[in-house]
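Here's the structure we're looking at; comments come further down.
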Amino acid sequence: MSKEMEGAQDLAPAFEYAKGSGAQALVFITDNLMFGRRKEIAALALSHHLPSIHSFAPEVEDGGLMSYGPNLGENYRRTAALTDRILKGARPADLPVEEPTQFSLYINLKTAKALGLDVPLHLQQIADEVIE
């Protein structure tokens, strides 16, 4: 049985439901609503003792355990380049569809410690950023 969230008011009950259902970790695929509530999500995950992996680095900077996802800085640069082409007269329909080509791994050791987790040194060494 699953439980759907309809809005931010469902965050705390969703964590209760997940923990009560035996969840041992969380995977967040972030949308705009959840991205804006990343500090609250990190606090709820920590209070329910649930490790969390996220899509974007700011979620880890705000307390999530780790993220692996598209490099936002590179995505913004590519967006700017495509916008520049449009402003110079290119038709949007003529521009290529692009997929992310750079991905980043972020690890929050402070959160890991609070959860009682040891992050292997090898994983720390390959991470793009380790938050201590």
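By convention in this document, the chains of the structure tokens carry letters A, B, ... by their order, each chain's residues are numbered from 1, and ligands are numbered from 1 in the order they are shown.
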Pick out the residues sitting within 12 Å of region 58-66 of chain A, and hand them over as a ChimeraX atom specification; count only C-alpha atoms, and ignore anything fewer than 2 positions along from it in its own chain. /A:25-31,34-47,49-56,68-73,104-119,123-124,127-132
Based on the backbone DSSP call, show me all residues of region 97-128 of chain A assigned alpha helix (DSSP H), as a list in words.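 Answer for region 97-128 of chain A, restricted to alpha helix (DSSP H): Leu109, Lys110, Thr111, Ala112, Lys113, Ala114, Leu115, Leu121, His122, Leu123, Gln124, Gln125 and Ile126 of chain A.
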What's the 12 Å shell around Glu4 (chain A), counting only C-alpha atoms, without same-chain residues fewer than 6 positions away, as number ranges by chain? A: 10-11, 13-15, 17-18
Grab the residues selected above and save them as a PDB file, in the first residue's frame with C-alpha atoms.
ATOM      1  CA  ASP A  10       1.629  15.957   4.014  1.00  0.00           C
ATOM      2  CA  LEU A  11       5.383  15.900   4.654  1.00  0.00           C
ATOM      3  CA  PRO A  13       2.621  12.388   8.005  1.00  0.00           C
ATOM      4  CA  ALA A  14       4.475  10.895   5.013  1.00  0.00           C
ATOM      5  CA  PHE A  15       7.593  10.416   7.129  1.00  0.00           C
ATOM      6  CA  TYR A  17       3.937   6.517   7.332  1.00  0.00           C
ATOM      7  CA  ALA A  18       7.295   5.592   5.775  1.00  0.00           C
TER       8      ALA A  18
END
How far is it from CA of Ala57 (chain A) to CA of Glu98 (chain A), in Å with one decimal?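 Taking CA of Ala57 (chain A) and CA of Glu98 (chain A), their separation equals 20.7 Å.
Across the model, the gap from CA of Ala80 (chain A) to CA of Ile126 (chain A) is 28.8 Å.
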Filtered DSSP result for chain A, state strand (DSSP E or B), as a ChimeraX atom specification: /A:26-27,52-54,66-70,103-108,129-131
Please report the interatomic distance between CA of Pro92 (chain A) and CA of Arg78 (chain A) in Å with one decimal. 14.0 Å
